[in-house]
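**Q** Below are the structure tokens for one structure; questions will follow.
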Amino acid sequence: MAALETIRTKFGIGASIIIAIGLLLFLVNPSDIIQTIQSTSSKYDVGKINGKSVSYTDFDQLVKQYSDVNSMLTGVSTSSEDAQRQMRDQAWQNLVHEYLVIPTIQKAGLNVGQQEQIDLFMGENPSPVIASTGLFRDENGNVSPSLVRDFLEAASSEQNPQVLQVRNYLQNLVRINRYTAKYGNLFTASSFENALQLQKSIEENNTMANVDFVVAPNVYFPLDTNITISSSEIQNYYNKHKENFRQQASRDIEYAVYEVVPSAADITAQSQEFTTLYDEFATTDNLRAFLQRNSDHQWSEYWFKSGELRSVNADIDAFVSENNAGVSPIVNSGSTFYAARIVDQANIPDSVYVRHILLQGTDARHLADSLLGELKGNNFSTLATLYSVDQNNADEGEMGNLGWMTQNAMIPGFESIFTAPKGKPFVLNTQYGSHIVEVVKTTAPVAKKQVAIFEKATLPSKETYASIYNQANILATRAAGKYSNYKAACDSTGIYSRSLTINEGTDTYGSIGHAKEVTRWCFDNKPGKASNIITVDNNYFFVVAVKDAHKEGYAKVEEVAENIRTALYYDRYSQARKDEIAEKVKGVSTLEEAAEKLGLQVTSLSDVTFSTNTAASTEPAFVGAVAAAPLSTLCGPVAGTVGTYLFRVNGRETGSFYTEDDAKQAQDNLNNYDVQILLPVMMDKTVKDNRARFY
């Protein structure tokens, strides 16, 4: 357990030595966890990857292991919903790599051997995973093979499951990182632009055309009644573009929501209670205990500058800014009540540069007191090297240097450093142990105040809760489980009904989150059904009706017919418009004559190239036509999205602004895009993600 405790300590005492949660992509080989698929029905699967079903039970076990390891490394719980969502996403990505990505890469003939993995841990060129953890850096910030070796030996010798999980996490992450790097390099190397292609790209992008043009705007509405789109044309378009109409399972719903908010009587009662407690707040000697019992805003050691309390309340901030002592009047903002008491004022720096010696164990405090007496001159770094548990922080090359800290970015328990005298070491106890701390330098002191905030939001009473529930119940009762009744009930009760299309992942309705229970009900019921009351966060009452259901797969042609009709109409109109313009300028030989016949104005552009982003020349059809057009000739009409173009290329100039470096950068961007879409392309028809049904 010593190795694990060392890891936890290191990860808890500074941002420079925390493994970013974003690196927690791969933990253990899922084959060690998911050996058999116990579920006999896909109903209980969170998904399917490359033909392998993943049951809820197995996936949940994997997520738990991710959470456990993250807690071991950081000392921070992953119990929050956001943290758990991250764990689930990372666990899922790990499974995708193990079941799909790695086998695909291996089929391409690429492998990562055992000796290669060892070299990536302890060789001269360690894996970016090892280099980025901070766990194995020496005093110069370089990866130390001896530290890696010591860790691996400790993990093996202790035979502790927790330590082994950390080791397996790193080993697997190194392996995955190497596989994906090799595969990405393979694709990048295969996307080769030879010298002739490079030169052509440079020439094309350095050739600027000077163009005069007119554009007859397309006016799609009102609809041209001469353009008709038949059902057979819609069907043909659908057949040719069917992939464009792939869809998730979804539901068209309508819902009414009742928010539980405090009544006027509730606010009056809270005002009276707050006023009763106000005198105690103004006079008590134990503000921490008072706030803990009575306030939504707990005691904080934070020192506030003028303006910082605006996020709490503007009137409270104004009082604190304008006074050096005393208690504010009671401030009422909506249904929330505030009062502030200025506890202290001082000139406090925004940032302090700190160094420390961390000691742990039963005798840590005694040893700290002893070492405090030995600190002389410049021997702080020497004592930190000899005694400090933290051997990873050596800012500016001095062991023990933690660097600059602010009130928003510091080690928990170090609040007193901002008022500590500069250059005078002292002992400080935190959750990590006993520290000998010294403030080495500070920014310029600024006037700040320590403030106790008494805050109380009004909560709805039981009577209010029951009253609002009864309103929702009237709607649900009148709906009687049917969509048709629901619509009539909304009209009779005067409640506003909202319309929405949802998928299985929807958990937010407007500004209301954590509403997955509403989504589950909608997907468990058929169109035409209406719900009973669904309670969300004990603060909202939903009544929902399912209007229509759309299965996963391809949308029916009748569902997308209007969208297809519009697309075909636009295309047909632009072609008709082109023919119309051609007829109007028939026999015309100059652009100026064409402009006069059409009642349009000639516009000039002097920089039309393949890389141009000038407004008119962003039309691909226009740019392509200009590139191929002869000089000094009336060209067109060209049908575009914005309008129909007639133009004349007056001349072309060759510049040198688009360089070889630009061409290479453009190719690199294409290569990066290719690599980025590898995973989505792999997953397109091989991965079925049903996690939204369960979480």
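Convention: chains lettered A, B, ... in structure tokens order; per-chain residue numbering from 1; ligands numbered from 1 as shown.
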DSSP on the backbone: what in segment 228-389 of chain A comes out strand (DSSP E), as a ChimeraX atom specification?
**A** /A:246-247,250-259,303-304,326-327,331-333,336-349,351-359
**Q** Please list as a VMD selection string every residue within 8 Å of segment 470-487 of chain A, counting only C-alpha atoms and excluding residues in the same chain fewer than 5 positions away.
**A** chain A and resid 257 to 258 493 527 to 533 541 to 543 545 to 547
**Q** Please produce a file of the residues just selected, as a CSV table (one decimal), in the first residue's frame, where the atoms kept are N, CA and C atoms.
**A**
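Ended up saving to again.csv:
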chain,number,residue,atom,x,y,z
A,257,VAL,N,-45.8,21.3,-17.9
A,257,VAL,CA,-45.0,21.2,-16.7
A,257,VAL,C,-45.4,22.2,-15.7
A,258,TYR,N,-45.5,21.8,-14.4
A,258,TYR,CA,-45.8,22.6,-13.3
A,258,TYR,C,-44.6,22.7,-12.4
A,493,THR,N,-58.0,23.6,-18.8
A,493,THR,CA,-57.3,24.1,-17.6
A,493,THR,C,-56.5,25.3,-17.9
A,527,PRO,N,-47.7,5.9,-29.4
A,527,PRO,CA,-48.4,7.1,-29.7
A,527,PRO,C,-49.9,7.1,-29.4
A,528,GLY,N,-50.4,8.2,-28.9
A,528,GLY,CA,-51.8,8.3,-28.5
A,528,GLY,C,-52.0,8.2,-27.0
A,529,LYS,N,-50.8,7.9,-26.2
A,529,LYS,CA,-50.9,7.7,-24.8
A,529,LYS,C,-50.5,9.0,-24.1
A,530,ALA,N,-51.1,9.2,-22.9
A,530,ALA,CA,-50.8,10.3,-22.0
A,530,ALA,C,-50.4,9.8,-20.7
A,531,SER,N,-49.5,10.5,-20.0
A,531,SER,CA,-49.0,10.0,-18.7
A,531,SER,C,-49.8,10.4,-17.5
A,532,ASN,N,-49.5,9.8,-16.4
A,532,ASN,CA,-49.9,10.3,-15.1
A,532,ASN,C,-48.8,11.4,-14.8
A,533,ILE,N,-48.8,11.9,-13.5
A,533,ILE,CA,-47.8,12.9,-13.1
A,533,ILE,C,-46.4,12.2,-13.0
A,541,PHE,N,-43.6,18.9,-12.0
A,541,PHE,CA,-44.6,17.9,-12.3
A,541,PHE,C,-44.9,17.9,-13.8
A,542,PHE,N,-44.6,16.8,-14.4
A,542,PHE,CA,-44.8,16.7,-15.9
A,542,PHE,C,-46.0,15.9,-16.2
A,543,VAL,N,-46.8,16.3,-17.2
A,543,VAL,CA,-47.8,15.4,-17.8
A,543,VAL,C,-47.5,15.4,-19.3
A,545,ALA,N,-47.7,13.5,-23.3
A,545,ALA,CA,-48.5,12.8,-24.3
A,545,ALA,C,-47.6,12.5,-25.5
A,546,VAL,N,-47.6,11.2,-26.0
A,546,VAL,CA,-46.9,10.8,-27.1
A,546,VAL,C,-47.7,11.0,-28.4
A,547,LYS,N,-47.2,11.9,-29.3
A,547,LYS,CA,-48.0,12.2,-30.5
A,547,LYS,C,-47.6,11.2,-31.6
**Q** Interatomic distance between atom CA of Lys449 of chain A and atom CA of Gln431 of chain A?
**A** 26.6 Å
**Q** Would you work out the distance separating atom CA of Gly413 of chain A from atom CA of Leu428 of chain A, expressed in Å to one decimal?
**A**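 Rounded to one decimal, the two atoms are 8.1 Å apart.
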**Q** What does the distance between atom CA of Ser156 of chain A and atom CA of Gly361 of chain A come to in Å, to one decimal place?
**A**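 Calculated distance between atom CA of Ser156 of chain A and atom CA of Gly361 of chain A is 24.4 Å.
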**Q** Measuring atom to atom with only C-alpha atoms, identify which of A:Ser77, A:Asn236, A:Glu254, A:Val63 is nearest to Gln90 of chain A.
**A**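 Distance minimum relative to Gln90 of chain A lands on A:Val63.
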**Q** Point out the residue among A:Glu259, A:Glu552, A:Asp58, A:Glu580 with the least atom-to-atom distance to Ala466 of chain A, counting only C-alpha atoms.
**A**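 Going through A:Glu259, A:Glu552, A:Asp58, A:Glu580 one by one, the smallest distance to Ala466 of chain A is for A:Glu259.
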